[in-house]
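Colleague: One file: data.pdb (PDB, C-alpha atoms, pLDDT in the B column).
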```pdb
ATOM      1  CA  MET A   1     -34.046 -30.714  13.033  1.00 48.00           C
ATOM      2  CA  VAL A   2     -30.446 -30.857  11.730  1.00 49.00           C
ATOM      3  CA  ASN A   3     -31.483 -33.038   8.776  1.00 51.00           C
ATOM      4  CA  THR A   4     -34.227 -30.556   7.860  1.00 50.00           C
ATOM      5  CA  MET A   5     -31.751 -27.711   8.007  1.00 50.00           C
ATOM      6  CA  GLN A   6     -29.255 -29.650   5.877  1.00 52.00           C
ATOM      7  CA  LYS A   7     -31.917 -30.372   3.255  1.00 53.00           C
ATOM      8  CA  ASN A   8     -32.846 -26.704   3.067  1.00 51.00           C
ATOM      9  CA  GLY A   9     -29.188 -25.704   2.742  1.00 51.00           C
ATOM     10  CA  ILE A  10     -29.335 -23.646   5.928  1.00 51.00           C
ATOM     11  CA  PHE A  11     -26.920 -25.812   7.871  1.00 49.00           C
ATOM     12  CA  ASN A  12     -23.620 -27.018   6.494  1.00 50.00           C
ATOM     13  CA  GLU A  13     -21.587 -29.623   8.408  1.00 47.00           C
ATOM     14  CA  GLU A  14     -18.356 -28.102   7.175  1.00 47.00           C
ATOM     15  CA  GLN A  15     -19.309 -24.751   8.703  1.00 49.00           C
ATOM     16  CA  HIS A  16     -20.365 -26.453  11.919  1.00 48.00           C
ATOM     17  CA  ALA A  17     -17.052 -28.302  12.168  1.00 48.00           C
ATOM     18  CA  SER A  18     -15.033 -25.091  11.882  1.00 53.00           C
ATOM     19  CA  HIS A  19     -16.924 -23.479  14.755  1.00 62.00           C
ATOM     20  CA  CYS A  20     -16.664 -26.417  17.152  1.00 74.00           C
ATOM     21  CA  ARG A  21     -12.911 -26.904  17.078  1.00 83.00           C
ATOM     22  CA  TYR A  22     -10.921 -27.046  20.260  1.00 89.00           C
ATOM     23  CA  PHE A  23      -7.249 -26.230  20.612  1.00 91.00           C
ATOM     24  CA  SER A  24      -5.048 -27.658  23.322  1.00 93.00           C
ATOM     25  CA  ALA A  25      -3.499 -25.424  25.945  1.00 92.00           C
ATOM     26  CA  ASP A  26      -0.032 -26.275  24.578  1.00 93.00           C
ATOM     27  CA  PHE A  27      -1.095 -25.154  21.099  1.00 93.00           C
ATOM     28  CA  LYS A  28      -2.435 -21.869  22.486  1.00 92.00           C
ATOM     29  CA  LYS A  29       0.688 -21.289  24.600  1.00 91.00           C
ATOM     30  CA  LYS A  30       2.894 -21.876  21.559  1.00 92.00           C
ATOM     31  CA  ARG A  31       0.961 -19.332  19.466  1.00 92.00           C
ATOM     32  CA  VAL A  32       1.072 -16.768  22.284  1.00 90.00           C
ATOM     33  CA  SER A  33       4.813 -17.345  22.632  1.00 89.00           C
ATOM     34  CA  GLU A  34       5.239 -16.735  18.893  1.00 88.00           C
ATOM     35  CA  LEU A  35       3.298 -13.483  19.292  1.00 86.00           C
ATOM     36  CA  GLU A  36       5.434 -12.363  22.222  1.00 83.00           C
ATOM     37  CA  ASN A  37       8.598 -13.030  20.234  1.00 83.00           C
ATOM     38  CA  ASN A  38       7.200 -11.078  17.254  1.00 80.00           C
ATOM     39  CA  LEU A  39       7.438 -14.092  14.956  1.00 84.00           C
ATOM     40  CA  VAL A  40       3.809 -13.779  13.870  1.00 85.00           C
ATOM     41  CA  THR A  41       0.953 -11.311  14.169  1.00 86.00           C
ATOM     42  CA  VAL A  42      -2.571 -11.837  15.410  1.00 89.00           C
ATOM     43  CA  SER A  43      -3.757 -11.577  11.815  1.00 88.00           C
ATOM     44  CA  ASP A  44      -1.341 -14.319  10.738  1.00 88.00           C
ATOM     45  CA  ILE A  45      -2.657 -16.685  13.406  1.00 91.00           C
ATOM     46  CA  CYS A  46      -6.255 -15.880  12.508  1.00 92.00           C
ATOM     47  CA  LYS A  47      -5.687 -16.590   8.824  1.00 90.00           C
ATOM     48  CA  THR A  48      -3.499 -19.657   9.275  1.00 90.00           C
ATOM     49  CA  HIS A  49      -5.641 -21.455  11.838  1.00 90.00           C
ATOM     50  CA  LYS A  50      -9.023 -19.912  10.918  1.00 91.00           C
ATOM     51  CA  VAL A  51      -9.546 -18.541  14.413  1.00 92.00           C
ATOM     52  CA  SER A  52     -11.313 -15.325  15.381  1.00 93.00           C
ATOM     53  CA  ARG A  53      -9.315 -12.363  16.638  1.00 92.00           C
ATOM     54  CA  THR A  54     -11.304 -12.516  19.856  1.00 93.00           C
ATOM     55  CA  SER A  55     -10.127 -16.059  20.504  1.00 92.00           C
ATOM     56  CA  VAL A  56      -6.504 -15.128  19.905  1.00 92.00           C
ATOM     57  CA  TYR A  57      -6.760 -12.162  22.289  1.00 90.00           C
ATOM     58  CA  ARG A  58      -8.328 -14.458  24.898  1.00 92.00           C
ATOM     59  CA  TRP A  59      -5.340 -16.774  24.509  1.00 91.00           C
ATOM     60  CA  ILE A  60      -3.012 -13.820  24.994  1.00 88.00           C
ATOM     61  CA  TYR A  61      -4.846 -12.738  28.126  1.00 86.00           C
ATOM     62  CA  LYS A  62      -4.808 -16.264  29.536  1.00 89.00           C
ATOM     63  CA  PHE A  63      -1.362 -17.566  28.527  1.00 87.00           C
ATOM     64  CA  SER A  64       0.850 -14.521  28.014  1.00 85.00           C
ATOM     65  CA  ASN A  65       3.740 -14.057  30.419  1.00 78.00           C
ATOM     66  CA  MET A  66       3.507 -10.334  29.854  1.00 73.00           C
ATOM     67  CA  ALA A  67      -0.176 -10.276  30.804  1.00 66.00           C
ATOM     68  CA  LYS A  68       0.655 -11.990  34.089  1.00 64.00           C
ATOM     69  CA  LYS A  69       3.340  -9.378  34.794  1.00 61.00           C
ATOM     70  CA  GLN A  70       0.875  -6.616  33.837  1.00 60.00           C
ATOM     71  CA  THR A  71       3.192  -5.552  30.997  1.00 61.00           C
ATOM     72  CA  ARG A  72       1.649  -4.181  27.830  1.00 61.00           C
ATOM     73  CA  GLN A  73       2.769  -5.427  24.459  1.00 58.00           C
ATOM     74  CA  VAL A  74       1.972  -3.843  21.129  1.00 58.00           C
ATOM     75  CA  VAL A  75       0.869  -6.816  19.057  1.00 54.00           C
ATOM     76  CA  GLU A  76       0.348  -5.334  15.589  1.00 56.00           C
ATOM     77  CA  ALA A  77       3.275  -2.883  15.522  1.00 57.00           C
ATOM     78  CA  LYS A  78       5.153  -4.985  12.959  1.00 60.00           C
ATOM     79  CA  SER A  79       2.445  -4.540  10.324  1.00 65.00           C
ATOM     80  CA  ASP A  80       2.422  -0.776  10.944  1.00 68.00           C
ATOM     81  CA  THR A  81       6.204  -0.707  10.671  1.00 72.00           C
ATOM     82  CA  LYS A  82       6.050  -2.601   7.370  1.00 78.00           C
ATOM     83  CA  LYS A  83       3.434  -0.182   6.068  1.00 81.00           C
ATOM     84  CA  ILE A  84       5.495   2.865   7.079  1.00 82.00           C
ATOM     85  CA  GLY A  85       8.607   1.338   5.490  1.00 83.00           C
ATOM     86  CA  TYR A  86       6.699   0.681   2.269  1.00 88.00           C
ATOM     87  CA  LEU A  87       5.342   4.238   2.195  1.00 91.00           C
ATOM     88  CA  GLU A  88       8.786   5.741   2.844  1.00 93.00           C
ATOM     89  CA  ALA A  89      10.239   3.653   0.011  1.00 94.00           C
ATOM     90  CA  ARG A  90       7.398   4.808  -2.247  1.00 96.00           C
ATOM     91  CA  ILE A  91       8.107   8.455  -1.345  1.00 96.00           C
ATOM     92  CA  LYS A  92      11.803   8.008  -2.208  1.00 96.00           C
ATOM     93  CA  GLU A  93      10.865   6.432  -5.535  1.00 96.00           C
ATOM     94  CA  LEU A  94       8.482   9.268  -6.390  1.00 97.00           C
ATOM     95  CA  GLU A  95      11.064  11.893  -5.380  1.00 97.00           C
ATOM     96  CA  ARG A  96      13.587  10.169  -7.655  1.00 96.00           C
ATOM     97  CA  ILE A  97      11.102  10.238 -10.553  1.00 97.00           C
ATOM     98  CA  VAL A  98      10.307  13.920  -9.954  1.00 97.00           C
ATOM     99  CA  GLY A  99      14.045  14.673  -9.856  1.00 96.00           C
ATOM    100  CA  LYS A 100      14.584  12.943 -13.209  1.00 96.00           C
ATOM    101  CA  LYS A 101      11.682  14.853 -14.744  1.00 96.00           C
ATOM    102  CA  GLN A 102      13.058  18.159 -13.423  1.00 97.00           C
ATOM    103  CA  ILE A 103      16.477  17.399 -14.925  1.00 96.00           C
ATOM    104  CA  LEU A 104      14.791  16.628 -18.259  1.00 95.00           C
ATOM    105  CA  ILE A 105      12.816  19.887 -18.142  1.00 95.00           C
ATOM    106  CA  ASP A 106      15.974  21.882 -17.301  1.00 95.00           C
ATOM    107  CA  PHE A 107      17.827  20.174 -20.165  1.00 95.00           C
ATOM    108  CA  GLN A 108      15.034  20.958 -22.637  1.00 92.00           C
ATOM    109  CA  ASP A 109      14.902  24.598 -21.506  1.00 91.00           C
ATOM    110  CA  LYS A 110      18.679  24.908 -21.999  1.00 94.00           C
ATOM    111  CA  MET A 111      18.462  23.313 -25.461  1.00 93.00           C
ATOM    112  CA  ILE A 112      15.701  25.757 -26.455  1.00 90.00           C
ATOM    113  CA  GLU A 113      17.789  28.661 -25.158  1.00 90.00           C
ATOM    114  CA  ILE A 114      20.849  27.516 -27.152  1.00 92.00           C
ATOM    115  CA  ALA A 115      18.731  27.013 -30.301  1.00 90.00           C
ATOM    116  CA  GLU A 116      17.222  30.500 -29.925  1.00 87.00           C
ATOM    117  CA  GLN A 117      20.689  32.042 -29.633  1.00 89.00           C
ATOM    118  CA  THR A 118      22.115  29.987 -32.493  1.00 92.00           C
ATOM    119  CA  TYR A 119      19.300  30.546 -35.002  1.00 89.00           C
ATOM    120  CA  GLN A 120      18.057  33.954 -33.709  1.00 85.00           C
ATOM    121  CA  VAL A 121      14.496  32.599 -33.581  1.00 84.00           C
ATOM    122  CA  ASP A 122      12.043  32.888 -30.713  1.00 85.00           C
ATOM    123  CA  ILE A 123      11.192  29.229 -30.101  1.00 82.00           C
ATOM    124  CA  LYS A 124       9.373  29.580 -26.795  1.00 78.00           C
ATOM    125  CA  LYS A 125       5.740  30.404 -27.264  1.00 71.00           C
ATOM    126  CA  LYS A 126       4.759  33.529 -25.440  1.00 57.00           C
ATOM    127  CA  LEU A 127       1.500  33.587 -23.547  1.00 45.00           C
ATOM    128  CA  GLY A 128      -1.052  35.691 -25.396  1.00 49.00           C
ATOM    129  CA  SER A 129       0.684  35.602 -28.804  1.00 57.00           C
ATOM    130  CA  LYS A 130      -1.183  34.317 -31.851  1.00 60.00           C
ATOM    131  CA  LEU A 131      -0.232  30.900 -33.165  1.00 55.00           C
ATOM    132  CA  PHE A 132       0.946  30.794 -36.775  1.00 57.00           C
ATOM    133  CA  SER A 133       0.540  27.981 -39.252  1.00 57.00           C
ATOM    134  CA  GLY A 134       3.539  25.730 -39.823  1.00 56.00           C
ATOM    135  CA  THR A 135       4.089  26.765 -43.445  1.00 55.00           C
ATOM    136  CA  GLY A 136       5.483  29.973 -44.864  1.00 52.00           C
ATOM    137  CA  ASN A 137       7.224  32.774 -42.996  1.00 54.00           C
ATOM    138  CA  PRO A 138       6.731  32.874 -39.240  1.00 53.00           C
ATOM    139  CA  GLY A 139       5.626  36.518 -39.510  1.00 53.00           C
ATOM    140  CA  THR A 140       2.792  35.747 -41.953  1.00 51.00           C
ATOM    141  CA  ASN A 141      -0.568  34.706 -40.565  1.00 52.00           C
ATOM    142  CA  MET A 142      -2.401  32.361 -42.918  1.00 50.00           C
ATOM    143  CA  ASP A 143      -5.804  33.353 -41.482  1.00 50.00           C
ATOM    144  CA  SER A 144      -5.495  36.883 -42.930  1.00 48.00           C
ATOM    145  CA  LYS A 145      -5.666  35.632 -46.549  1.00 43.00           C
TER     146      LYS A 145
END
```
Mind turning the file's structure into structure tokens?
Modeller:
Amino acid sequence: MVNTMQKNGIFNEEQHASHCRYFSADFKKKRVSELENNLVTVSDICKTHKVSRTSVYRWIYKFSNMAKKQTRQVVEAKSDTKKIGYLEARIKELERIVGKKQILIDFQDKMIEIAEQTYQVDIKKKLGSKLFSGTGNPGTNMDSK
């Protein structure tokens, strides 16, 4: 039956080998200890050793000192903390960028104000006023010709 399945490509020995692995109790205890000391996360163990999350949680239930004492431990808090830290850093960066842009806008407004006073020309475009062509006197509309 296995040979037929291998010929048809349904069964792969490499896949079968990964599902039939056994880990020693010492190995499991060591991983659970690493979890309890916040050295690794459940996700790290799953990726590194190609183990399902269910298996890791079974190890925790069976070998954890905290589980025996009926103490709860938040296992994935570190990843949430990293995510929150990243988001807070991103917010600070964006606030810094917005601050720089606001300073630039204030500077440009002040420069326009100084230029208007110096040259007695209305540089700011008023909402609702007609736009004039760039040549000739500013008071002359080229469309009227």
Colleague: Using only C-alpha atoms for the distances, tell me which of A:Leu39, A:Val32, A:Ile103, A:Ala89 is nearest to Tyr61 (chain A).
Modeller: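 Nearest to Tyr61 (chain A): A:Val32.
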Colleague: Quick one: residues within 12 Å of Tyr22 (chain A), only C-alpha atoms counted, chain neighbours fewer than 6 positions away excluded, as a PyMOL selection string?
Modeller: chain A and resi 28+49-51+55
Colleague: At a cut-off of 9 Å, using all atoms listed in the file, what residues contact Ile123 (chain A)? Leave out same-chain residues fewer than 3 positions from it and give the result as a list of chain:residue names.
Modeller: A:Ile112, A:Glu113, A:Ala115, A:Glu116
Colleague: What is the distance, in Å and to one decimal place, between CA of Thr81 (chain A) and CA of Glu34 (chain A)?
Modeller: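 Pair CA of Thr81 (chain A) / CA of Glu34 (chain A) returns 18.0 Å.
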Colleague: Using all atoms listed in the file, determine which residues lie at most 12 Å from Trp59 (chain A), disregarding the query and same-chain residues fewer than 4 positions distant; provide the list as a PDB file with C-alpha atoms, keeping the file's coordinate frame.
Modeller:
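Printed below is part_36.pdb as written:
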```pdb
ATOM      1  CA  PHE A  23      -7.249 -26.230  20.612  1.00 91.00           C
ATOM      2  CA  SER A  24      -5.048 -27.658  23.322  1.00 93.00           C
ATOM      3  CA  ALA A  25      -3.499 -25.424  25.945  1.00 92.00           C
ATOM      4  CA  ASP A  26      -0.032 -26.275  24.578  1.00 93.00           C
ATOM      5  CA  PHE A  27      -1.095 -25.154  21.099  1.00 93.00           C
ATOM      6  CA  LYS A  28      -2.435 -21.869  22.486  1.00 92.00           C
ATOM      7  CA  LYS A  29       0.688 -21.289  24.600  1.00 91.00           C
ATOM      8  CA  LYS A  30       2.894 -21.876  21.559  1.00 92.00           C
ATOM      9  CA  ARG A  31       0.961 -19.332  19.466  1.00 92.00           C
ATOM     10  CA  VAL A  32       1.072 -16.768  22.284  1.00 90.00           C
ATOM     11  CA  SER A  33       4.813 -17.345  22.632  1.00 89.00           C
ATOM     12  CA  GLU A  34       5.239 -16.735  18.893  1.00 88.00           C
ATOM     13  CA  LEU A  35       3.298 -13.483  19.292  1.00 86.00           C
ATOM     14  CA  GLU A  36       5.434 -12.363  22.222  1.00 83.00           C
ATOM     15  CA  VAL A  42      -2.571 -11.837  15.410  1.00 89.00           C
ATOM     16  CA  ILE A  45      -2.657 -16.685  13.406  1.00 91.00           C
ATOM     17  CA  VAL A  51      -9.546 -18.541  14.413  1.00 92.00           C
ATOM     18  CA  SER A  52     -11.313 -15.325  15.381  1.00 93.00           C
ATOM     19  CA  ARG A  53      -9.315 -12.363  16.638  1.00 92.00           C
ATOM     20  CA  THR A  54     -11.304 -12.516  19.856  1.00 93.00           C
ATOM     21  CA  SER A  55     -10.127 -16.059  20.504  1.00 92.00           C
ATOM     22  CA  PHE A  63      -1.362 -17.566  28.527  1.00 87.00           C
ATOM     23  CA  SER A  64       0.850 -14.521  28.014  1.00 85.00           C
ATOM     24  CA  ASN A  65       3.740 -14.057  30.419  1.00 78.00           C
ATOM     25  CA  ALA A  67      -0.176 -10.276  30.804  1.00 66.00           C
TER      26      ALA A  67
END
```
Colleague: What's the separation between CA of Ser43 (chain A) and CA of Tyr57 (chain A), in Å to one decimal place?
Modeller: 10.9 Å
Colleague: Which distance in Å separates CA of Ile97 (chain A) and CA of Gly85 (chain A), to one decimal?
Modeller: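 Taking CA of Ile97 (chain A) as the start and CA of Gly85 (chain A) as the end point, the length is 18.5 Å.
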Colleague: Write out as AutoDock Vina command-line options an axis-aligned box for region 95-112 of chain A: all of its atoms listed in the file, 4 Å added on each side, centre and edge lengths in Å with one decimal.
Modeller:
```
--center_x 14.5 --center_y 18.0 --center_z -15.9 --size_x 16.4 --size_y 23.6 --size_z 29.1
```
